[in-house]
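J.: Here it is, the structure in full.
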Protein chains: 2
Amino acid sequence: MDVVIIGSGNVATHMSMALKEVDNSIVQVYSRTLDNAELLARKVDAEPINDIDAIYRNADFYIFSVKDDALPDIVSKMPPTTGVWAHTAGSIPVSILFPHKRIGVIYPLQTFTRKREVNFQDIPLFVEGESDETTALLKTLAETISQYVYILSGKKRCFLHLAAVFACNFTNHMYTLASEIMGEEDLPFHLLNPLITETVAKVAVMDPYEAQTGPAIRYDEKVMQKHMELLNDSMKKDIYSLLSRSIHKTHQ
Amino acid sequence: MDVVIIGSGNVATHMSMALKEVDNSIVQVYSRTLDNAELLARKVDAEPINDIDAIYRNADFYIFSVKDDALPDIVSKMPPTTGVWAHTAGSIPVSILFPHKRIGVIYPLQTFTRKREVNFQDIPLFVEGESDETTALLKTLAETISQYVYILSGKKRCFLHLAAVFACNFTNHMYTLASEIMGEEDLPFHLLNPLITETVAKVAVMDPYEAQTGPAIRYDEKVMQKHMELLNDSMKKDIYSLLSRSIHKTHQ
């Protein structure tokens with residue numbers, strides 16, 4: 001398949017490399033910044049462009065992987081093409097790609113970091129199209145790069161993205177706060193690794209509700225009070241208090 | 001070594017099984033409930049007791065692994081012995097074991113679940129004693145069951161426990177909330193597994209601060225607004241809002 005990539009960020013990079021690897025042709029990489037377009041284009045043997053009017057008109061797929069806020073502007077400037085347009089965002093409707101006719105979504109449920117390789121074959125991809133035909137085309141393309149391809153409505157994709165914010169973004173922030181607390185006492189963060197690993201290993205085999213431990217579920221007020229006193233930062237205090245109340249409420 | 005275990009919960013169970021495995025003798029298991037004492041005693045070939053006065057007076061170690069709130073009461077009822085007394089709590093000072101003379105702590109940094117086996121050798125143990133001699137004795141005992149034994153002050157142990165609440169208990173609660181959001185849309189929780197696994201794999205090799213992704217760090221207000229609207233529960237809304245603000249503040 002001939003694919004044009006619009007965007008050069010983490011998702012664009014990882015997805016276009018995965019597409020290239022299974023012998024799709026990445027015809028062009030577009031970015032507003034030519035340097036960024038070149039950086040990715042070099043990796044996937046594509047033409048770098050930063051002029052949207054120079055876009056190749058006869059590709060099979062145009063993958064829009066730019067910041068959510070930048071999507072409407074770039075879509076409005078796109079020249080007409082016949083291929084399928086798809087974006088990769090969790091919480092944006094397909095309709096953002098109107099008035100183009102053949103439109104859809106390939107949403108990869110993963111946290112991407114530039115310098116870190118991921119095995120794209122293991123990443124769940126959620127596909128939606130404006131018609132059965134477009135859905136089928138996007139599913140076929142997605143299945144070349146992942147073993148786990150699901151058709152999912154835009155509404156459910158939003159909830160999936162929301163759940164991912166809790167399971168990934170908020171979880172990682174808990175690690176950041178733990179790391180700050182450790183750092184202030186000169187305790188190396190890696191001491192927490194066995195605990196973090198086991199916490200995650202548990203939810204692969206049991207319901208997280210069943211896996212909950214700690215002072216809040218025991219409602220051990222003395223320990224919680226002591227922890228609140230140890231926290232020297234009002235934001236961390238607010239988080240400790242709110243999450244402890246939420247754990248208690250959930251398990252009452 | 002001859003060890004008496006006071007308590008029969010998750011920590012008592014896992015630690016006494018680990019001690020037994022490396023040929024320490026678990027002389028007795030005490031629990032207020034004889035059934036519970038028997039359940040654990042059978043596993044470690046010990047005498048079950050529920051009468052604190054029946055406690056064996058000549059053990060080398062007495063490990064107190066009961067709920068934090070139950071500790072003062074049980075300590076006050078203990079008959080005099082010569083061996084070392086140690087508790088296993090993260091946020092309780094050694095001094096709770098006064099007026100006994102040889103006192104200390106072995107704090108295992110792990111989340112224990114009854115039916116789940118853990119390799120105790122991989123669990124970091126944090127040891128404190130009232131004197132260098134007691135500390136050395138506890139360190140020697142701890143080193144029979146774990147490769148990772150550290151001497152740590154009570155003050156630092158409290159901060160370690162606090163960091164563990166963020167890294168384990170709060171993280172697991174994020175999984176619970178994600179699971180609820182998924183469940184309401186009939187999306188199976190296991191779809192999140194590759195994302196959860198990668199989130200954790202990242203912090204084993206990079207600073208969690210560097211690993212942060214998601215709408216809050218990008219300050220993508222439209223997505224955050226949309227997510228707030230999708231949440232039908234005021235506690236989840238409060239958590240979404242507070243953690244998004246905290247991520248934004250941390251990364252400003």
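Each chain of the structure tokens is named A, B, ... in the order shown, its residues numbered from 1; ligands are numbered from 1 in display order.
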Dump as a PyMOL selection string the residues of chain B that approach chain A to within 6 Å, counting only C-alpha atoms.
T.: chain B and resi 110+163+166-169+171+174-176+178+181+195+199+208-209+214
J.: Could you give me, as a list of chain:residue names, the residues within 7 Å of region 11-26 of chain A, counting only C-alpha atoms and dropping anything in the same chain fewer than 6 positions from it?
T.: A:Met1, A:Asp2, A:Val3, A:Val4, A:Ile5, A:Leu40, A:Val44, A:Ala46, A:Ser65, A:Phe112, A:Phe120, A:Thr144, A:Ile145
J.: Keeping only N, CA and C atoms, take the residues you just selected and write them out as a PDB file, in the first residue's frame.
T.:
ATOM      1  N   MET A   1       0.829  -1.198   0.000  1.00  0.00           N
ATOM      2  CA  MET A   1       0.000   0.000   0.000  1.00  0.00           C
ATOM      3  C   MET A   1       0.873   1.261   0.000  1.00  0.00           C
ATOM      4  N   ASP A   2       0.415   2.308  -0.665  1.00  0.00           N
ATOM      5  CA  ASP A   2       1.098   3.600  -0.639  1.00  0.00           C
ATOM      6  C   ASP A   2       0.488   4.453   0.463  1.00  0.00           C
ATOM      7  N   VAL A   3       1.341   4.894   1.389  1.00  0.00           N
ATOM      8  CA  VAL A   3       0.845   5.629   2.553  1.00  0.00           C
ATOM      9  C   VAL A   3       1.554   6.975   2.648  1.00  0.00           C
ATOM     10  N   VAL A   4       0.775   8.025   2.906  1.00  0.00           N
ATOM     11  CA  VAL A   4       1.347   9.336   3.228  1.00  0.00           C
ATOM     12  C   VAL A   4       1.140   9.576   4.725  1.00  0.00           C
ATOM     13  N   ILE A   5       2.205   9.983   5.413  1.00  0.00           N
ATOM     14  CA  ILE A   5       2.127  10.240   6.852  1.00  0.00           C
ATOM     15  C   ILE A   5       2.099  11.744   7.077  1.00  0.00           C
ATOM     16  N   LEU A  40      12.111  11.828  10.138  1.00  0.00           N
ATOM     17  CA  LEU A  40      11.309  10.611  10.023  1.00  0.00           C
ATOM     18  C   LEU A  40      11.399  10.025   8.612  1.00  0.00           C
ATOM     19  N   VAL A  44      12.131   5.979   7.033  1.00  0.00           N
ATOM     20  CA  VAL A  44      11.155   5.131   6.329  1.00  0.00           C
ATOM     21  C   VAL A  44      11.272   5.289   4.812  1.00  0.00           C
ATOM     22  N   ALA A  46      11.185   7.860   2.736  1.00  0.00           N
ATOM     23  CA  ALA A  46      10.078   8.629   2.142  1.00  0.00           C
ATOM     24  C   ALA A  46      10.568  10.008   1.717  1.00  0.00           C
ATOM     25  N   SER A  65      -1.376  12.048  12.041  1.00  0.00           N
ATOM     26  CA  SER A  65      -0.949  11.796  13.406  1.00  0.00           C
ATOM     27  C   SER A  65      -0.250  13.042  13.925  1.00  0.00           C
ATOM     28  N   PHE A 112       3.822   6.054  23.795  1.00  0.00           N
ATOM     29  CA  PHE A 112       4.990   6.077  22.918  1.00  0.00           C
ATOM     30  C   PHE A 112       6.019   7.085  23.415  1.00  0.00           C
ATOM     31  N   PHE A 120       5.298  -3.209  17.634  1.00  0.00           N
ATOM     32  CA  PHE A 120       3.976  -2.763  17.196  1.00  0.00           C
ATOM     33  C   PHE A 120       2.985  -3.921  17.067  1.00  0.00           C
ATOM     34  N   THR A 144      -1.780  -5.661   9.127  1.00  0.00           N
ATOM     35  CA  THR A 144      -0.405  -5.914   8.671  1.00  0.00           C
ATOM     36  C   THR A 144       0.610  -5.532   9.755  1.00  0.00           C
ATOM     37  N   ILE A 145       0.220  -4.635  10.680  1.00  0.00           N
ATOM     38  CA  ILE A 145       1.195  -4.163  11.674  1.00  0.00           C
ATOM     39  C   ILE A 145       0.890  -4.602  13.108  1.00  0.00           C
TER      40      ILE A 145
END
J.: Using backbone DSSP assignments, extract all alpha helix (DSSP H) residues from region 168-236 of chain A; output them as a PyMOL selection string.
T.: chain A and resi 171-184+193-205+208-211+215-218+221-230+234-236
J.: If you measure from CA of Thr33 (chain A) to CA of Asn50 (chain A), what distance in Å do you get, rounded to one decimal?
T.: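 We find that CA of Thr33 (chain A) and CA of Asn50 (chain A) lie 6.1 Å from each other.
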J.: Any idea what's packed within 7 Å of Ala86 (chain B), counting only C-alpha atoms, ignoring anything in its chain fewer than 4 positions away? Could you give it as a list of chain:residue names?
T.: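 Returned residues: B:Tyr62, B:Ile63, B:Phe64, B:Ile103, B:Gly104, B:Val105, B:Ile106.
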J.: One decimal, in Å: what's the spacing between CA of Ser146 (chain A) and CA of Pro48 (chain A)?
T.: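 Interatomic distance here is 25.7 Å.
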J.: For the atom pair CA of Thr140 (chain B) and CA of His87 (chain B), what is the interatomic distance in Å to one decimal place?
T.: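 Going from CA of Thr140 (chain B) over to CA of His87 (chain B) covers 15.8 Å.
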J.: May I have all residues of region 85-237 of chain A that DSSP, computed from the backbone, assigns to strand (DSSP E), given as a list of chain:residue names?
T.: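 Secondary structure check on region 85-237 of chain A, strand (DSSP E): A:Trp85, A:Ala86, A:His87, A:Ile103, A:Gly104, A:Val105, A:Ile106, A:Tyr107, A:Pro108, A:Leu125, A:Phe126, A:Val127, A:Glu128, A:Gly129, A:Val149, A:Tyr150, A:Ile151.
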J.: From the set A:Pro72, A:Gly154, A:Gly7, A:Pro80, which residue has the shortest atom-to-atom contact distance to Tyr56 (chain A), counting only C-alpha atoms?
T.: A:Pro80
